Amino acid sequence: MTLSVGIMGLPNSGKSTLFNAITHAHAPTGTHAFSTTDRNIASVNVPDARLDKLAEMFDPKKVTPTTVEFVDIPGVVRGSSEGAGLGNKFLGYLRQSDVLAEVVRCFDDDNVPHPDGSIDPIRDMETVRLELVLADLAVVQRRMERTRSAAKSGDKKYVAELQVLEEVAARFNEGVPVRDMGLTNEQQEHLSELDLLTSKPVFYVANVNEGSGPDDPRALALRDAAGGAEVIAVSAKIEAELSEMDPEDAKVFAEELGIKESTLDQVIRTGYRLLDLITFLTAGEPEVRAWTVRKGAKAPEAAGKIHSDIERGFIRAEVTPYPELVASGSFATARTKGVLRLEGREYVVQDGDVIYFRFSV
Ligand SMILES: Nc1nc2c(ncn2[C@@H]2O[C@H](COP(=O)(O)OP(=O)(O)OP(=O)(O)O)[C@@H](O)[C@H]2O)c(=O)[nH]1
Ligand SMILES: [Mg+2]
């Protein structure tokens with residue numbers, strides 16, 4: 001599966017700047033609101049030092065990282081859901097995203113106007129929350145019309161669905177996001193097709209002043225207000241500048257600035273954690289490759305990521321944890337040392353497992 005991250009936030013919060021920093025794209029940015037007039041999409045290779053090391057060991061013809069997709073949309077403003085600005089129409093572009101990254105302006109810059117005239121990250125977070133709730137409410141109301149007429153026949157499925165939709169709409173009217181409604185799995189099931197934005201996991205990107213970091217006072221205040229959601233503090237502007245530099249120079253520069261982990265790495269790590277995703281690896285002469293699966297996936301499911309035939313004909317998995325493989329130097333040595341294990345259908349794949357699947361056709 002490819003993780004898709006939707007980037008949203010108020011106009012001029014730095015969404016496109018962040019998008020460019022992460023994807024090395026050149027989406028237009030600017031000091032006027034709504035610099036972005038349509039969505040930007042880009043795919044990025046997930047950096048993984050393990051792949052580089054395995055490539056050294058196996059000298060493969062091909063090295064294939066996993067990818068993450070980013071979607072950048074025009075700014076959301078107060079009233080977007082009723083047609084103000086460009087926001088609401090474009091919020092729909094995020095419905096396919098697995099996780100939302102909300103950029104919150106924490107930087108001062110008189111040249112970059114704020115749509116509400118002042119810097120107030122918590123107010124901005126509230127504004128966006130409300131607009132997302134209202135956008136979801138509109139989706140639920142449209143669905144309710146259909147469900148209501150379908151329920152007239154007395155069909156139990158639609159009667160139950162209608163009840164859930166009515167409850168959810170009432171909570172939306174109180175401003176509550178789906179993720180905070182405490183719905184049962186069964187209730188959620190009725191909503192799954194709607195791809196509601198407020199049911200998606202969200203994290204915040206505090207776009208702080210140049211030279212500020214995780215202890216930026218505005219980022220800290222945002223963390224307090226975020227109700228346990230993750231807050232990453234970055235300077236999108238600096239990160240965008242770094243992304244334009246020669247990678248070696250950028251590394252030196254980032255160290256001088258005290259930037260320990262690139263924004264891309266932080267965003268991907270957070271997305272993977274929120275969605276409970278892990279990476280397993282395959283290694284051989286033809287190809288060294290990284291794959292993404294959900295935590296808890298068993299060996300045949302992981303095999304299915306490679307090819308459905310391998311899942312169908314699954315016999316066993318030969319599993320070597322990455323550190324053991326590196327320490328052994330080869331699968332042959334790993335086998336004689338006993339660190340290459342034979343695992344069956346019930347084996348739960350772990351992050352960093354290097355796997356060779358045996359299967360019959
Ligand atoms: N000083 C400073 N300026 C920034 C930072 N991030 C973005 N900007 C500037 O703020 C302006 C708006 O940035 P964009 O990335 O276009 O903002 P956006 O959220 O995509 O805006 P819309 O597409 O209009 O919704 C640009 O002039 C950026 O250069 C930052 O970290 N610090
Ligand atoms: Mg933009």
# chains A, B, ... in the order shown; residues from 1 in each chain; ligands from 1
>>> residues_near_ligand(ligand="ligand 2", cutoff="6 Å", atoms="only C-alpha atoms and all ligand atoms", output="list in words")
Lys15, Ser16, Thr29, Ser35, Thr36 and Pro74 of chain A
>>> write_last_selection(atoms="C-alpha atoms", output="PDB file, in the first residue's frame")
ATOM      1  CA  LYS A  15       1.414  24.268   2.891  1.00  0.00           C
ATOM      2  CA  SER A  16       2.930  24.521  -0.561  1.00  0.00           C
ATOM      3  CA  THR A  29       3.939  29.705  -3.323  1.00  0.00           C
ATOM      4  CA  SER A  35      -1.537  30.912  -4.210  1.00  0.00           C
ATOM      5  CA  THR A  36      -2.575  27.346  -4.743  1.00  0.00           C
ATOM      6  CA  PRO A  74      -5.693  25.458  -1.570  1.00  0.00           C
TER       7      PRO A  74
END
>>> closest_atom_pairs(of="chain A", to="ligand 1", cutoff="9 Å", atoms="only C-alpha atoms and all ligand atoms", output="JSON lines")
{"residue": "A:Met8", "atom": "CA", "partner": "ligand 1", "partner_atom_place_in_ligand_line": "19 (O)", "distance": 7.7}
{"residue": "A:Gly9", "atom": "CA", "partner": "ligand 1", "partner_atom_place_in_ligand_line": "19 (O)", "distance": 6.5}
{"residue": "A:Leu10", "atom": "CA", "partner": "ligand 1", "partner_atom_place_in_ligand_line": "25 (O)", "distance": 5.9}
{"residue": "A:Pro11", "atom": "CA", "partner": "ligand 1", "partner_atom_place_in_ligand_line": "25 (O)", "distance": 3.2}
{"residue": "A:Asn12", "atom": "CA", "partner": "ligand 1", "partner_atom_place_in_ligand_line": "17 (O)", "distance": 3.6}
{"residue": "A:Ser13", "atom": "CA", "partner": "ligand 1", "partner_atom_place_in_ligand_line": "19 (O)", "distance": 4.0}
{"residue": "A:Gly14", "atom": "CA", "partner": "ligand 1", "partner_atom_place_in_ligand_line": "15 (O)", "distance": 3.4}
{"residue": "A:Lys15", "atom": "CA", "partner": "ligand 1", "partner_atom_place_in_ligand_line": "19 (O)", "distance": 3.7}
{"residue": "A:Ser16", "atom": "CA", "partner": "ligand 1", "partner_atom_place_in_ligand_line": "20 (O)", "distance": 3.7}
{"residue": "A:Thr17", "atom": "CA", "partner": "ligand 1", "partner_atom_place_in_ligand_line": "15 (O)", "distance": 3.6}
{"residue": "A:Leu18", "atom": "CA", "partner": "ligand 1", "partner_atom_place_in_ligand_line": "15 (O)", "distance": 6.4}
{"residue": "A:Phe19", "atom": "CA", "partner": "ligand 1", "partner_atom_place_in_ligand_line": "15 (O)", "distance": 7.8}
{"residue": "A:Asn20", "atom": "CA", "partner": "ligand 1", "partner_atom_place_in_ligand_line": "15 (O)", "distance": 8.2}
{"residue": "A:Ala27", "atom": "CA", "partner": "ligand 1", "partner_atom_place_in_ligand_line": "16 (O)", "distance": 8.4}
{"residue": "A:Pro28", "atom": "CA", "partner": "ligand 1", "partner_atom_place_in_ligand_line": "16 (O)", "distance": 6.6}
{"residue": "A:Thr29", "atom": "CA", "partner": "ligand 1", "partner_atom_place_in_ligand_line": "16 (O)", "distance": 3.2}
{"residue": "A:Gly30", "atom": "CA", "partner": "ligand 1", "partner_atom_place_in_ligand_line": "27 (O)", "distance": 4.0}
{"residue": "A:Thr31", "atom": "CA", "partner": "ligand 1", "partner_atom_place_in_ligand_line": "27 (O)", "distance": 4.0}
{"residue": "A:His32", "atom": "CA", "partner": "ligand 1", "partner_atom_place_in_ligand_line": "24 (O)", "distance": 6.2}
{"residue": "A:Ala33", "atom": "CA", "partner": "ligand 1", "partner_atom_place_in_ligand_line": "24 (O)", "distance": 3.9}
{"residue": "A:Phe34", "atom": "CA", "partner": "ligand 1", "partner_atom_place_in_ligand_line": "24 (O)", "distance": 3.2}
{"residue": "A:Ser35", "atom": "CA", "partner": "ligand 1", "partner_atom_place_in_ligand_line": "24 (O)", "distance": 3.8}
{"residue": "A:Thr36", "atom": "CA", "partner": "ligand 1", "partner_atom_place_in_ligand_line": "23 (O)", "distance": 3.7}
{"residue": "A:Thr37", "atom": "CA", "partner": "ligand 1", "partner_atom_place_in_ligand_line": "23 (O)", "distance": 7.0}
{"residue": "A:Asp38", "atom": "CA", "partner": "ligand 1", "partner_atom_place_in_ligand_line": "23 (O)", "distance": 8.8}
{"residue": "A:Asp72", "atom": "CA", "partner": "ligand 1", "partner_atom_place_in_ligand_line": "20 (O)", "distance": 7.6}
{"residue": "A:Ile73", "atom": "CA", "partner": "ligand 1", "partner_atom_place_in_ligand_line": "23 (O)", "distance": 6.8}
{"residue": "A:Pro74", "atom": "CA", "partner": "ligand 1", "partner_atom_place_in_ligand_line": "25 (O)", "distance": 4.5}
{"residue": "A:Gly75", "atom": "CA", "partner": "ligand 1", "partner_atom_place_in_ligand_line": "25 (O)", "distance": 3.4}
{"residue": "A:Val76", "atom": "CA", "partner": "ligand 1", "partner_atom_place_in_ligand_line": "25 (O)", "distance": 7.0}
{"residue": "A:Val77", "atom": "CA", "partner": "ligand 1", "partner_atom_place_in_ligand_line": "25 (O)", "distance": 8.9}
{"residue": "A:Gly87", "atom": "CA", "partner": "ligand 1", "partner_atom_place_in_ligand_line": "25 (O)", "distance": 8.7}
{"residue": "A:Val103", "atom": "CA", "partner": "ligand 1", "partner_atom_place_in_ligand_line": "19 (O)", "distance": 7.5}
{"residue": "A:Val104", "atom": "CA", "partner": "ligand 1", "partner_atom_place_in_ligand_line": "19 (O)", "distance": 8.8}
{"residue": "A:Arg105", "atom": "CA", "partner": "ligand 1", "partner_atom_place_in_ligand_line": "31 (O)", "distance": 7.9}
{"residue": "A:Cys106", "atom": "CA", "partner": "ligand 1", "partner_atom_place_in_ligand_line": "31 (O)", "distance": 8.0}
{"residue": "A:Phe107", "atom": "CA", "partner": "ligand 1", "partner_atom_place_in_ligand_line": "32 (N)", "distance": 5.5}
{"residue": "A:Asp108", "atom": "CA", "partner": "ligand 1", "partner_atom_place_in_ligand_line": "1 (N)", "distance": 6.3}
{"residue": "A:Asp109", "atom": "CA", "partner": "ligand 1", "partner_atom_place_in_ligand_line": "1 (N)", "distance": 5.1}
{"residue": "A:Asp110", "atom": "CA", "partner": "ligand 1", "partner_atom_place_in_ligand_line": "1 (N)", "distance": 8.6}
{"residue": "A:Asn111", "atom": "CA", "partner": "ligand 1", "partner_atom_place_in_ligand_line": "27 (O)", "distance": 7.6}
{"residue": "A:Val112", "atom": "CA", "partner": "ligand 1", "partner_atom_place_in_ligand_line": "10 (O)", "distance": 5.5}
{"residue": "A:Pro113", "atom": "CA", "partner": "ligand 1", "partner_atom_place_in_ligand_line": "11 (C)", "distance": 8.3}
{"residue": "A:Asn207", "atom": "CA", "partner": "ligand 1", "partner_atom_place_in_ligand_line": "31 (O)", "distance": 5.3}
{"residue": "A:Val208", "atom": "CA", "partner": "ligand 1", "partner_atom_place_in_ligand_line": "31 (O)", "distance": 5.7}
{"residue": "A:Asn209", "atom": "CA", "partner": "ligand 1", "partner_atom_place_in_ligand_line": "32 (N)", "distance": 5.7}
{"residue": "A:Glu210", "atom": "CA", "partner": "ligand 1", "partner_atom_place_in_ligand_line": "32 (N)", "distance": 6.3}
{"residue": "A:Val234", "atom": "CA", "partner": "ligand 1", "partner_atom_place_in_ligand_line": "31 (O)", "distance": 7.4}
{"residue": "A:Ser235", "atom": "CA", "partner": "ligand 1", "partner_atom_place_in_ligand_line": "31 (O)", "distance": 4.2}
{"residue": "A:Ala236", "atom": "CA", "partner": "ligand 1", "partner_atom_place_in_ligand_line": "31 (O)", "distance": 4.3}
{"residue": "A:Lys237", "atom": "CA", "partner": "ligand 1", "partner_atom_place_in_ligand_line": "31 (O)", "distance": 4.1}
{"residue": "A:Ile238", "atom": "CA", "partner": "ligand 1", "partner_atom_place_in_ligand_line": "31 (O)", "distance": 6.6}
{"residue": "A:Glu239", "atom": "CA", "partner": "ligand 1", "partner_atom_place_in_ligand_line": "31 (O)", "distance": 8.2}
{"residue": "A:Ala240", "atom": "CA", "partner": "ligand 1", "partner_atom_place_in_ligand_line": "6 (N)", "distance": 8.4}
>>> closest_residue(among="A:Val71, A:Val231, A:Ala283, A:Leu165", to="Val99 (chain A)", atoms="only C-alpha atoms")
A:Val71
>>> atom_distance(atom1="CA of Phe280 (chain A)", atom2="CA of Asp351 (chain A)")
5.6 Å
>>> atom_distance(atom1="CA of Gly228 (chain A)", atom2="CA of Leu134 (chain A)")
22.5 Å
>>> residues_around(residues="Leu183 (chain A)", least_positions_apart="4", cutoff="12 Å", atoms="only C-alpha atoms", output="list of chain:residue names")
A:Val164, A:Leu165, A:Glu167, A:Val168, A:Arg171, A:Val176, A:Pro177, A:Val178, A:Arg179, A:Gln187, A:Gln188, A:Glu189, A:His190, A:Leu191, A:Ser199
>>> atom_distance(atom1="CA of Thr67 (chain A)", atom2="CA of Ile306 (chain A)")
14.6 Å
>>> closest_residue(among="A:Val139, A:Leu275, A:Ala332, A:Ala250", to="Asp195 (chain A)", atoms="only C-alpha atoms")
A:Val139
>>> select_by_dssp(residues="region 101-189 of chain A", states="strand (DSSP E)", output="ChimeraX atom specification")
/A:101-105
>>> decode(residues="region 151-166 of chain A", atoms="N, CA, C and O atoms", output="mmCIF file, in the first residue's frame")
data_model
loop_
_atom_site.group_PDB
_atom_site.id
_atom_site.type_symbol
_atom_site.label_atom_id
_atom_site.label_comp_id
_atom_site.auth_asym_id
_atom_site.auth_seq_id
_atom_site.Cartn_x
_atom_site.Cartn_y
_atom_site.Cartn_z
ATOM 1 N N ALA A 151 -34.554 3.708 3.126
ATOM 2 C CA ALA A 151 -35.016 3.118 4.385
ATOM 3 C C ALA A 151 -36.541 2.984 4.422
ATOM 4 O O ALA A 151 -37.084 2.231 5.225
ATOM 5 N N LYS A 152 -37.212 3.743 3.544
ATOM 6 C CA LYS A 152 -38.683 3.705 3.533
ATOM 7 C C LYS A 152 -39.224 2.306 3.285
ATOM 8 O O LYS A 152 -40.274 1.924 3.771
ATOM 9 N N SER A 153 -38.463 1.519 2.514
ATOM 10 C CA SER A 153 -38.895 0.154 2.218
ATOM 11 C C SER A 153 -38.804 -0.737 3.450
ATOM 12 O O SER A 153 -39.255 -1.878 3.437
ATOM 13 N N GLY A 154 -38.180 -0.223 4.504
ATOM 14 C CA GLY A 154 -38.053 -1.014 5.735
ATOM 15 C C GLY A 154 -36.799 -1.872 5.760
ATOM 16 O O GLY A 154 -36.583 -2.632 6.713
ATOM 17 N N ASP A 155 -35.979 -1.781 4.726
ATOM 18 C CA ASP A 155 -34.721 -2.533 4.672
ATOM 19 C C ASP A 155 -33.872 -2.207 5.910
ATOM 20 O O ASP A 155 -33.512 -1.048 6.145
ATOM 21 N N LYS A 156 -33.570 -3.262 6.687
ATOM 22 C CA LYS A 156 -32.891 -3.076 7.985
ATOM 23 C C LYS A 156 -31.562 -2.349 7.861
ATOM 24 O O LYS A 156 -31.204 -1.533 8.692
ATOM 25 N N LYS A 157 -30.851 -2.703 6.784
ATOM 26 C CA LYS A 157 -29.525 -2.115 6.590
ATOM 27 C C LYS A 157 -29.615 -0.585 6.521
ATOM 28 O O LYS A 157 -28.857 0.134 7.158
ATOM 29 N N TYR A 158 -30.593 -0.115 5.753
ATOM 30 C CA TYR A 158 -30.720 1.335 5.577
ATOM 31 C C TYR A 158 -31.302 2.014 6.807
ATOM 32 O O TYR A 158 -30.961 3.150 7.118
ATOM 33 N N VAL A 159 -32.195 1.292 7.492
ATOM 34 C CA VAL A 159 -32.754 1.854 8.722
ATOM 35 C C VAL A 159 -31.638 2.079 9.736
ATOM 36 O O VAL A 159 -31.542 3.147 10.359
ATOM 37 N N ALA A 160 -30.748 1.080 9.853
ATOM 38 C CA ALA A 160 -29.627 1.195 10.793
ATOM 39 C C ALA A 160 -28.677 2.301 10.358
ATOM 40 O O ALA A 160 -28.197 3.096 11.174
ATOM 41 N N GLU A 161 -28.432 2.362 9.056
ATOM 42 C CA GLU A 161 -27.515 3.390 8.542
ATOM 43 C C GLU A 161 -28.064 4.789 8.813
ATOM 44 O O GLU A 161 -27.334 5.687 9.234
ATOM 45 N N LEU A 162 -29.377 4.927 8.595
ATOM 46 C CA LEU A 162 -30.000 6.235 8.805
ATOM 47 C C LEU A 162 -29.823 6.696 10.252
ATOM 48 O O LEU A 162 -29.514 7.859 10.522
ATOM 49 N N GLN A 163 -29.979 5.730 11.155
ATOM 50 C CA GLN A 163 -29.847 6.075 12.567
ATOM 51 C C GLN A 163 -28.430 6.580 12.886
ATOM 52 O O GLN A 163 -28.267 7.585 13.579
ATOM 53 N N VAL A 164 -27.433 5.882 12.327
ATOM 54 C CA VAL A 164 -26.048 6.299 12.552
ATOM 55 C C VAL A 164 -25.807 7.681 11.960
ATOM 56 O O VAL A 164 -25.231 8.563 12.603
ATOM 57 N N LEU A 165 -26.298 7.881 10.738
ATOM 58 C CA LEU A 165 -26.075 9.176 10.076
ATOM 59 C C LEU A 165 -26.709 10.322 10.866
ATOM 60 O O LEU A 165 -26.124 11.392 11.013
ATOM 61 N N GLU A 166 -27.902 10.050 11.399
ATOM 62 C CA GLU A 166 -28.576 11.107 12.164
ATOM 63 C C GLU A 166 -27.796 11.460 13.435
ATOM 64 O O GLU A 166 -27.643 12.628 13.775
#
